[in-house]
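Colleague: Take a look at upload06.csv, CSV, C-alpha atoms and all ligand atoms:
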```
chain,number,residue,atom,x,y,z
A,1,MET,CA,0.0,0.0,0.0
A,2,THR,CA,1.4,3.5,-0.9
A,3,THR,CA,1.6,6.1,1.8
A,4,PRO,CA,-1.0,8.9,1.4
A,5,ALA,CA,0.2,12.4,0.6
A,6,TYR,CA,-1.8,13.8,3.6
A,7,ASP,CA,-2.4,16.9,1.5
A,8,ALA,CA,-5.5,19.1,1.3
A,9,ALA,CA,-7.3,16.7,-1.1
A,10,PHE,CA,-6.7,13.8,1.3
A,11,TRP,CA,-8.1,15.7,4.3
A,12,ASP,CA,-11.0,17.2,2.3
A,13,GLN,CA,-12.0,13.7,1.2
A,14,ARG,CA,-11.6,12.3,4.7
A,15,TYR,CA,-13.7,15.0,6.4
A,16,ALA,CA,-16.3,15.4,3.7
A,17,GLY,CA,-16.8,11.6,3.4
A,18,ALA,CA,-17.1,10.9,7.2
A,19,ASP,CA,-20.2,10.1,9.0
A,20,GLY,CA,-19.8,12.7,11.8
A,21,TYR,CA,-16.6,14.2,13.1
A,22,VAL,CA,-13.5,12.0,12.3
A,23,PHE,CA,-11.7,13.0,15.6
A,24,GLY,CA,-14.9,13.6,17.6
A,25,THR,CA,-16.2,16.9,18.9
A,26,ALA,CA,-14.7,16.7,22.4
A,27,PRO,CA,-11.3,18.5,22.9
A,28,ASN,CA,-8.1,16.6,22.8
A,29,ASP,CA,-7.3,15.3,26.3
A,30,PHE,CA,-3.8,16.9,26.6
A,31,LEU,CA,-5.2,20.3,25.6
A,32,ALA,CA,-8.1,20.0,28.0
A,33,GLY,CA,-5.7,19.1,30.8
A,34,ALA,CA,-3.3,21.9,30.0
A,35,ALA,CA,-6.0,24.5,29.6
A,36,ALA,CA,-5.5,26.1,33.0
A,37,TRP,CA,-2.2,27.5,31.6
A,38,ILE,CA,-3.9,29.5,28.9
A,39,PRO,CA,-4.4,33.1,29.9
A,40,ALA,CA,-8.0,33.6,30.8
A,41,ARG,CA,-8.7,36.2,28.0
A,42,GLY,CA,-7.2,36.7,24.7
A,43,ARG,CA,-6.3,35.2,21.3
A,44,VAL,CA,-5.9,31.5,20.5
A,45,LEU,CA,-4.5,30.2,17.3
A,46,CYS,CA,-5.2,26.5,16.4
A,47,LEU,CA,-2.9,25.2,13.6
A,48,GLY,CA,-4.0,22.2,11.6
A,49,GLU,CA,-7.3,22.4,13.4
A,50,GLY,CA,-9.3,20.2,11.0
A,51,GLU,CA,-13.0,19.9,12.1
A,52,GLY,CA,-12.6,22.4,15.0
A,53,ARG,CA,-13.1,20.4,18.2
A,54,ASN,CA,-10.2,22.2,20.0
A,55,ALA,CA,-11.0,25.6,18.6
A,56,VAL,CA,-14.6,25.3,19.7
A,57,PHE,CA,-13.4,24.3,23.2
A,58,ARG,CA,-11.5,27.5,23.5
A,59,ALA,CA,-14.2,29.7,21.9
A,60,ARG,CA,-16.7,28.3,24.5
A,61,ARG,CA,-14.3,29.5,27.2
A,62,GLY,CA,-14.4,33.0,25.8
A,63,HIS,CA,-11.2,33.1,23.7
A,64,ASP,CA,-11.0,34.8,20.4
A,65,VAL,CA,-10.0,31.9,18.2
A,66,LEU,CA,-8.5,31.5,14.7
A,67,ALA,CA,-8.5,28.0,13.3
A,68,VAL,CA,-6.1,27.4,10.3
A,69,ASP,CA,-6.1,24.3,8.2
A,70,GLN,CA,-5.4,23.4,4.6
A,71,SER,CA,-8.8,21.6,4.4
A,72,ALA,CA,-11.8,23.8,3.5
A,73,ALA,CA,-14.1,20.8,4.3
A,74,GLY,CA,-12.6,20.5,7.8
A,75,LEU,CA,-13.0,24.2,8.6
A,76,GLY,CA,-16.6,24.1,7.2
A,77,LYS,CA,-17.3,21.5,9.8
A,78,ALA,CA,-15.5,23.6,12.4
A,79,THR,CA,-17.8,26.6,11.7
A,80,ALA,CA,-20.8,24.3,11.9
A,81,LEU,CA,-19.7,22.9,15.2
A,82,ALA,CA,-19.1,26.4,16.6
A,83,ALA,CA,-22.6,27.4,15.5
A,84,GLN,CA,-24.1,24.3,17.3
A,85,HIS,CA,-22.5,25.6,20.5
A,86,GLY,CA,-23.5,29.2,20.0
A,87,VAL,CA,-20.0,30.6,19.5
A,88,THR,CA,-18.0,31.9,16.5
A,89,LEU,CA,-14.6,31.1,15.2
A,90,ALA,CA,-12.4,32.8,12.6
A,91,THR,CA,-11.1,30.3,10.1
A,92,GLN,CA,-8.5,30.5,7.4
A,93,VAL,CA,-7.9,27.9,4.7
A,94,ALA,CA,-4.1,27.8,4.2
A,95,ASP,CA,-1.2,25.5,3.7
A,96,LEU,CA,1.1,26.2,6.7
A,97,ALA,CA,4.0,26.3,4.2
A,98,ASP,CA,2.5,29.6,3.0
A,99,TYR,CA,1.0,30.9,6.3
A,100,ARG,CA,2.6,33.9,8.0
A,101,LEU,CA,2.1,33.5,11.7
A,102,GLU,CA,1.8,36.9,13.4
A,103,PRO,CA,4.7,37.5,15.9
A,104,GLY,CA,3.9,38.4,19.5
A,105,ALA,CA,0.2,38.2,19.0
A,106,TRP,CA,-1.1,35.0,20.6
A,107,ASP,CA,-2.0,33.9,24.1
A,108,ALA,CA,-2.0,30.3,23.0
A,109,VAL,CA,-0.9,28.4,19.9
A,110,VAL,CA,-2.4,24.9,19.7
A,111,CYS,CA,-0.9,22.1,17.6
A,112,ILE,CA,-2.8,18.9,18.1
A,113,PHE,CA,-1.8,15.9,15.9
A,114,LEU,CA,-0.4,18.3,13.3
A,115,HIS,CA,2.1,16.1,11.6
A,116,LEU,CA,4.3,18.0,9.2
A,117,PRO,CA,7.5,17.1,7.3
A,118,PRO,CA,10.6,18.0,9.3
A,119,ALA,CA,11.7,21.3,7.8
A,120,LEU,CA,8.2,22.7,7.7
A,121,ARG,CA,7.5,21.4,11.2
A,122,SER,CA,10.5,23.2,12.6
A,123,ARG,CA,9.7,26.4,10.8
A,124,VAL,CA,6.1,26.3,12.1
A,125,HIS,CA,7.1,25.5,15.6
A,126,ARG,CA,9.6,28.4,15.7
A,127,ALA,CA,7.0,30.7,14.3
A,128,ALA,CA,4.6,29.5,17.0
A,129,ALA,CA,7.1,30.2,19.7
A,130,ALA,CA,7.8,33.7,18.3
A,131,GLY,CA,4.0,34.2,18.0
A,132,LEU,CA,3.4,34.1,21.7
A,133,ARG,CA,2.7,37.1,23.9
A,134,PRO,CA,4.5,37.1,27.3
A,135,GLY,CA,2.7,34.5,29.4
A,136,GLY,CA,1.4,32.8,26.3
A,137,VAL,CA,1.7,29.0,25.8
A,138,VAL,CA,2.2,26.5,23.0
A,139,ILE,CA,0.3,23.3,23.6
A,140,LEU,CA,1.3,20.4,21.3
A,141,GLU,CA,0.5,16.7,21.1
A,142,SER,CA,1.8,14.6,18.3
A,143,TYR,CA,2.1,10.9,17.6
A,144,GLY,CA,5.7,9.8,18.2
A,145,PRO,CA,8.1,7.5,16.3
A,146,THR,CA,7.0,4.3,17.8
A,147,GLN,CA,3.4,4.9,16.8
A,148,LEU,CA,4.3,3.7,13.3
A,149,GLY,CA,2.4,0.5,12.4
A,150,ARG,CA,0.3,0.3,15.6
A,151,GLY,CA,-2.9,0.9,13.6
A,152,THR,CA,-4.5,3.2,16.2
A,153,GLY,CA,-4.0,6.5,14.4
A,154,GLY,CA,-1.5,8.8,12.9
A,155,PRO,CA,0.4,9.0,9.6
A,156,GLN,CA,2.1,6.0,8.2
A,157,ASN,CA,5.3,7.9,7.4
A,158,PRO,CA,8.2,8.0,10.0
A,159,ASP,CA,9.3,11.5,8.8
A,160,LEU,CA,6.0,12.9,10.2
A,161,LEU,CA,6.4,11.3,13.7
A,162,PRO,CA,8.9,13.4,15.7
A,163,ALA,CA,10.8,12.3,18.8
A,164,LEU,CA,10.7,14.8,21.7
A,165,ALA,CA,14.5,15.4,21.2
A,166,THR,CA,13.8,16.8,17.7
A,167,LEU,CA,11.1,19.2,19.0
A,168,ARG,CA,13.0,20.7,21.9
A,169,PRO,CA,15.2,23.1,19.9
A,170,ASP,CA,12.2,24.6,18.2
A,171,PHE,CA,11.0,25.9,21.6
A,172,ALA,CA,14.3,27.2,22.9
A,173,GLY,CA,13.8,30.4,24.9
A,174,LEU,CA,10.4,29.2,26.2
A,175,GLU,CA,9.9,27.7,29.7
A,176,LEU,CA,9.1,24.0,29.2
A,177,LEU,CA,6.3,23.1,31.6
A,178,THR,CA,5.7,19.6,30.1
A,179,ALA,CA,7.9,17.8,27.7
A,180,ARG,CA,7.5,14.1,27.5
A,181,GLU,CA,7.0,11.0,25.4
A,182,LEU,CA,4.5,8.4,26.7
A,183,GLU,CA,2.0,5.8,25.8
A,184,ARG,CA,-1.6,6.6,26.5
A,185,ASN,CA,-5.1,5.6,25.2
A,186,VAL,CA,-6.1,8.1,22.5
A,187,ILE,CA,-9.8,7.6,21.8
A,188,GLU,CA,-11.0,10.4,19.6
A,189,GLY,CA,-13.8,9.7,17.1
A,190,SER,CA,-13.2,7.0,14.5
A,191,GLY,CA,-9.7,8.4,13.6
A,192,HIS,CA,-7.8,7.9,16.9
A,193,THR,CA,-8.7,4.5,18.3
A,194,GLY,CA,-6.5,3.2,21.1
A,195,ARG,CA,-3.2,2.7,22.8
A,196,ALA,CA,-0.7,5.2,21.2
A,197,ALA,CA,2.8,6.5,21.5
A,198,VAL,CA,2.6,10.3,21.8
A,199,VAL,CA,4.8,13.3,22.4
A,200,GLN,CA,3.4,16.1,24.6
A,201,LEU,CA,4.8,19.6,25.0
A,202,LEU,CA,3.5,22.6,27.0
A,203,ALA,CA,5.8,25.6,26.8
A,204,ARG,CA,5.3,29.2,28.0
A,205,ARG,CA,6.9,32.5,27.0
A,206,PRO,CA,8.1,34.0,30.2
A,207,SER,CA,6.2,37.1,31.3
A,208,ALA,CA,8.1,40.3,31.0
A,209,SER,CA,9.9,40.8,34.3
A,210,ARG,CA,8.5,43.7,36.3
A,211,PRO,CA,10.7,46.8,36.6
A,212,THR,CA,12.3,46.9,40.1
A,213,ASP,CA,11.2,49.6,42.4
A,214,SER,CA,14.1,52.0,42.7
A,215,THR,CA,12.7,54.1,45.6
B,301,LIG,C1,-4.8,14.5,12.4
B,301,LIG,S1,-5.6,15.9,11.8
B,301,LIG,C2,-5.8,16.8,13.4
B,301,LIG,C3,-6.9,17.8,13.3
B,301,LIG,C4,-7.1,18.5,14.6
B,301,LIG,N1,-5.9,19.2,15.1
B,301,LIG,C5,-7.6,17.6,15.7
B,301,LIG,O1,-6.9,17.3,16.6
B,301,LIG,O2,-8.8,17.2,15.7
B,301,LIG,C6,-4.3,16.8,11.0
B,301,LIG,C7,-4.7,18.1,10.4
B,301,LIG,O3,-3.6,18.9,10.0
B,301,LIG,C8,-3.8,19.5,8.8
B,301,LIG,N2,-2.6,19.8,8.1
B,301,LIG,C9,-1.6,18.9,7.9
B,301,LIG,N3,-0.6,19.5,7.1
B,301,LIG,C10,-1.0,20.8,7.0
B,301,LIG,C11,-0.5,21.9,6.3
B,301,LIG,N4,0.7,21.8,5.6
B,301,LIG,N5,-1.1,23.1,6.3
B,301,LIG,C12,-2.3,23.2,6.9
B,301,LIG,N6,-2.9,22.2,7.6
B,301,LIG,C13,-2.3,21.0,7.6
B,301,LIG,C14,-4.7,18.6,8.1
B,301,LIG,O4,-5.4,19.2,7.0
B,301,LIG,C15,-5.6,18.0,9.2
B,301,LIG,O5,-6.8,18.7,9.3
```
How does the structure come out when it is put into structure tokens?

Modeller:
Amino acid sequence: MTTPAYDAAFWDQRYAGADGYVFGTAPNDFLAGAAAWIPARGRVLCLGEGEGRNAVFRARRGHDVLAVDQSAAGLGKATALAAQHGVTLATQVADLADYRLEPGAWDAVVCIFLHLPPALRSRVHRAAAAGLRPGGVVILESYGPTQLGRGTGGPQNPDLLPALATLRPDFAGLELLTARELERNVIEGSGHTGRAAVVQLLARRPSASRPTDST
């Protein structure tokens, strides 16, 4: 069997052809668990957001959310999910290879199961780190190298499955609050269906230090 391209056409077909939401409508577990680190108000950018479960989660908590994905079909479902919950999202159909991430503008950047080729992955991660406001966080979960062949989710291409060690340099200069590889049960819709090897990273841009009182 040939490995899919995992391009916009692949994801459009997968999302449009699905009965319901491929990865469910509940937020990703790691994001939900890390949510207390997201500043209470502000702007959240969800990259590779697909059908919008994570973006809607944050919009329902009062954040101003932009969801970016290459799949128009996915973001159409994201907009519909937001409407079901009485919230709105901004969406942008874009290949992240062409997307300019606004520096110093975001209170959180969310990358959940966004599996990119190595050079683009590093570029996007570095832009995500630079995109944070002081106190802002990057929240990332990805399948890891030993997920290959398990059959419970994730791309069947080792280049798209990073080890934690390859991710760390992308977030240099941020405070790493969580950085780990582990096995856990990932049960999310029909797309993620069981025991899985994942990488999790929660990193924060330090808040600007307060000027010292010279009196
Ligand atoms: C496994 S899905 C995860 C979707 C969503 N983050 C979630 O957790 O439900 C991966 C998503 O990344 C998007 N993606 C992958 N490569 C991309 C790229 N180069 N530009 C934009 N989106 C991309 C796909 O279109 C797809 O929606």

Colleague: Record the distance separating atom CA of A:Asp107 and atom CA of A:Gly154, expressed in Å with one decimal.

Modeller: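 Going from atom CA of A:Asp107 over to atom CA of A:Gly154, I get 27.5 Å.
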
Colleague: At a cut-off of 8 Å and counting only C-alpha atoms and all ligand atoms, what residues surround ligand LIG 301 (chain B)? Please answer as a count of residues only.

Modeller: 39

Colleague: With all atoms listed in the file as the atoms that count, which of A:Tyr21, A:Val56, A:Gly135, A:Gln84 lies nearest to A:Arg41?

Modeller: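 Using all atoms listed in the file, the shortest distance to A:Arg41 belongs to A:Gly135.
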
Colleague: Any idea what the distance is between atom CA of A:Val44 and atom CA of A:Val124?

Modeller: 15.5 Å

Colleague: So, counting all atoms listed in the file, which residue among A:Gly76, A:Pro134, A:Gly17, A:Gly151 is closest to A:Ala90?

Modeller: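 Looking only at the distances to A:Ala90, the closest residue turns out to be A:Gly76.
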
Colleague: Between atom CA of A:Arg100 and atom CA of A:His192, what is the distance in Å, rounded to a tenth?

Modeller: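 Pair atom CA of A:Arg100 / atom CA of A:His192 returns 29.4 Å.
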
Colleague: Residues of stretch 9-126 of chain A that have any atom at most 9 Å from an atom of stretch 161-182 of chain A: could you tabulate them with the shortest-distance atom pair and the distance in Å to one decimal, using all atoms listed in the file, ordered by chain and increasing number, as CSV?

Modeller:
```
residue,atom,partner,partner_atom,distance
A:His115,CA,A:Leu161,CA,6.8
A:Leu116,CA,A:Leu161,CA,8.3
A:Pro117,CA,A:Leu161,CA,8.7
A:Pro118,CA,A:Pro162,CA,8.1
A:Arg121,CA,A:Leu167,CA,8.9
A:Ser122,CA,A:Asp170,CA,6.0
A:Arg123,CA,A:Asp170,CA,8.0
A:Val124,CA,A:Asp170,CA,8.8
A:His125,CA,A:Asp170,CA,5.8
A:Arg126,CA,A:Asp170,CA,5.2
```

Colleague: Would you please work out which residue, of A:Glu188, A:Ala16, A:Thr146, A:Gly131, is nearest to A:Phe30 when using all atoms listed in the file?

Modeller: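 Among the listed residues, the smallest separation from A:Phe30 belongs to A:Glu188.
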
Colleague: Go through A:Gly144, A:Pro103, A:Pro155, A:Gly86 and flag the residue nearest A:Val199, using all atoms listed in the file for the distances.

Modeller: A:Gly144

Colleague: If we count only C-alpha atoms, what is near A:Asn185 at a cut-off of 6 Å, once residues fewer than 3 positions away on the same chain are taken out, given as a VMD selection string?

Modeller: chain A and resid 194 to 196

Colleague: The selected residues should be written to file as a PDB file, in the frame of the given file (atoms: C-alpha atoms).

Modeller:
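Produced file result35.pdb, reproduced below:
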```pdb
ATOM      1  CA  GLY A 194      -6.500   3.200  21.100  1.00  0.00           C
ATOM      2  CA  ARG A 195      -3.200   2.700  22.800  1.00  0.00           C
ATOM      3  CA  ALA A 196      -0.700   5.200  21.200  1.00  0.00           C
TER       4      ALA A 196
END
```

Colleague: Take stretch 106-127 of chain A from the block and save it with N, CA, C and O atoms, as an mmCIF file, in the first residue's frame.

Modeller:
```
data_model
loop_
_atom_site.group_PDB
_atom_site.id
_atom_site.type_symbol
_atom_site.label_atom_id
_atom_site.label_comp_id
_atom_site.auth_asym_id
_atom_site.auth_seq_id
_atom_site.Cartn_x
_atom_site.Cartn_y
_atom_site.Cartn_z
ATOM 1 N N TRP A 106 -0.240 36.118 20.148
ATOM 2 C CA TRP A 106 -1.144 35.035 20.571
ATOM 3 C C TRP A 106 -0.946 34.657 22.039
ATOM 4 O O TRP A 106 0.185 34.566 22.510
ATOM 5 N N ASP A 107 -2.065 34.401 22.716
ATOM 6 C CA ASP A 107 -2.007 33.930 24.108
ATOM 7 C C ASP A 107 -1.852 32.415 24.165
ATOM 8 O O ASP A 107 -1.406 31.880 25.181
ATOM 9 N N ALA A 108 -2.222 31.746 23.099
ATOM 10 C CA ALA A 108 -1.951 30.311 22.993
ATOM 11 C C ALA A 108 -1.885 29.927 21.524
ATOM 12 O O ALA A 108 -2.643 30.454 20.703
ATOM 13 N N VAL A 109 -0.970 29.019 21.232
ATOM 14 C CA VAL A 109 -0.920 28.382 19.911
ATOM 15 C C VAL A 109 -1.072 26.884 20.155
ATOM 16 O O VAL A 109 -0.330 26.291 20.953
ATOM 17 N N VAL A 110 -2.066 26.301 19.498
ATOM 18 C CA VAL A 110 -2.445 24.902 19.734
ATOM 19 C C VAL A 110 -2.090 24.083 18.493
ATOM 20 O O VAL A 110 -2.534 24.406 17.385
ATOM 21 N N CYS A 111 -1.287 23.040 18.698
ATOM 22 C CA CYS A 111 -0.884 22.137 17.602
ATOM 23 C C CYS A 111 -1.206 20.716 18.054
ATOM 24 O O CYS A 111 -0.406 20.087 18.760
ATOM 25 N N ILE A 112 -2.352 20.225 17.695
ATOM 26 C CA ILE A 112 -2.762 18.893 18.140
ATOM 27 C C ILE A 112 -2.794 17.956 16.939
ATOM 28 O O ILE A 112 -3.581 18.150 16.003
ATOM 29 N N PHE A 113 -1.940 16.955 16.991
ATOM 30 C CA PHE A 113 -1.827 15.947 15.922
ATOM 31 C C PHE A 113 -1.651 16.608 14.546
ATOM 32 O O PHE A 113 -2.244 16.183 13.560
ATOM 33 N N LEU A 114 -0.811 17.626 14.569
ATOM 34 C CA LEU A 114 -0.417 18.307 13.325
ATOM 35 C C LEU A 114 0.910 17.695 12.904
ATOM 36 O O LEU A 114 1.940 17.985 13.514
ATOM 37 N N HIS A 115 0.885 16.827 11.928
ATOM 38 C CA HIS A 115 2.084 16.069 11.555
ATOM 39 C C HIS A 115 2.639 16.616 10.249
ATOM 40 O O HIS A 115 2.067 16.383 9.183
ATOM 41 N N LEU A 116 3.738 17.342 10.373
ATOM 42 C CA LEU A 116 4.330 18.030 9.226
ATOM 43 C C LEU A 116 5.697 17.428 8.898
ATOM 44 O O LEU A 116 6.372 16.896 9.789
ATOM 45 N N PRO A 117 6.144 17.570 7.642
ATOM 46 C CA PRO A 117 7.504 17.130 7.314
ATOM 47 C C PRO A 117 8.535 17.950 8.100
ATOM 48 O O PRO A 117 8.264 19.099 8.478
ATOM 49 N N PRO A 118 9.709 17.372 8.370
ATOM 50 C CA PRO A 118 10.637 17.966 9.347
ATOM 51 C C PRO A 118 10.962 19.446 9.138
ATOM 52 O O PRO A 118 10.899 20.221 10.100
ATOM 53 N N ALA A 119 11.314 19.864 7.941
ATOM 54 C CA ALA A 119 11.743 21.264 7.765
ATOM 55 C C ALA A 119 10.570 22.212 8.025
ATOM 56 O O ALA A 119 10.719 23.234 8.715
ATOM 57 N N LEU A 120 9.406 21.872 7.505
ATOM 58 C CA LEU A 120 8.234 22.729 7.728
ATOM 59 C C LEU A 120 7.816 22.689 9.200
ATOM 60 O O LEU A 120 7.459 23.724 9.780
ATOM 61 N N ARG A 121 7.882 21.504 9.794
ATOM 62 C CA ARG A 121 7.517 21.385 11.222
ATOM 63 C C ARG A 121 8.360 22.328 12.062
ATOM 64 O O ARG A 121 7.831 23.086 12.883
ATOM 65 N N SER A 122 9.657 22.322 11.848
ATOM 66 C CA SER A 122 10.539 23.172 12.640
ATOM 67 C C SER A 122 10.234 24.654 12.384
ATOM 68 O O SER A 122 10.180 25.468 13.320
ATOM 69 N N ARG A 123 9.975 24.994 11.138
ATOM 70 C CA ARG A 123 9.669 26.399 10.804
ATOM 71 C C ARG A 123 8.371 26.838 11.495
ATOM 72 O O ARG A 123 8.296 27.922 12.084
ATOM 73 N N VAL A 124 7.367 25.989 11.447
ATOM 74 C CA VAL A 124 6.071 26.338 12.061
ATOM 75 C C VAL A 124 6.215 26.428 13.581
ATOM 76 O O VAL A 124 5.688 27.351 14.215
ATOM 77 N N HIS A 125 6.955 25.505 14.163
ATOM 78 C CA HIS A 125 7.110 25.538 15.626
ATOM 79 C C HIS A 125 7.854 26.800 16.071
ATOM 80 O O HIS A 125 7.485 27.424 17.073
ATOM 81 N N ARG A 126 8.878 27.156 15.340
ATOM 82 C CA ARG A 126 9.644 28.361 15.715
ATOM 83 C C ARG A 126 8.770 29.612 15.558
ATOM 84 O O ARG A 126 8.831 30.541 16.376
ATOM 85 N N ALA A 127 7.952 29.617 14.523
ATOM 86 C CA ALA A 127 7.038 30.749 14.341
ATOM 87 C C ALA A 127 5.989 30.763 15.453
ATOM 88 O O ALA A 127 5.583 31.833 15.927
#
```
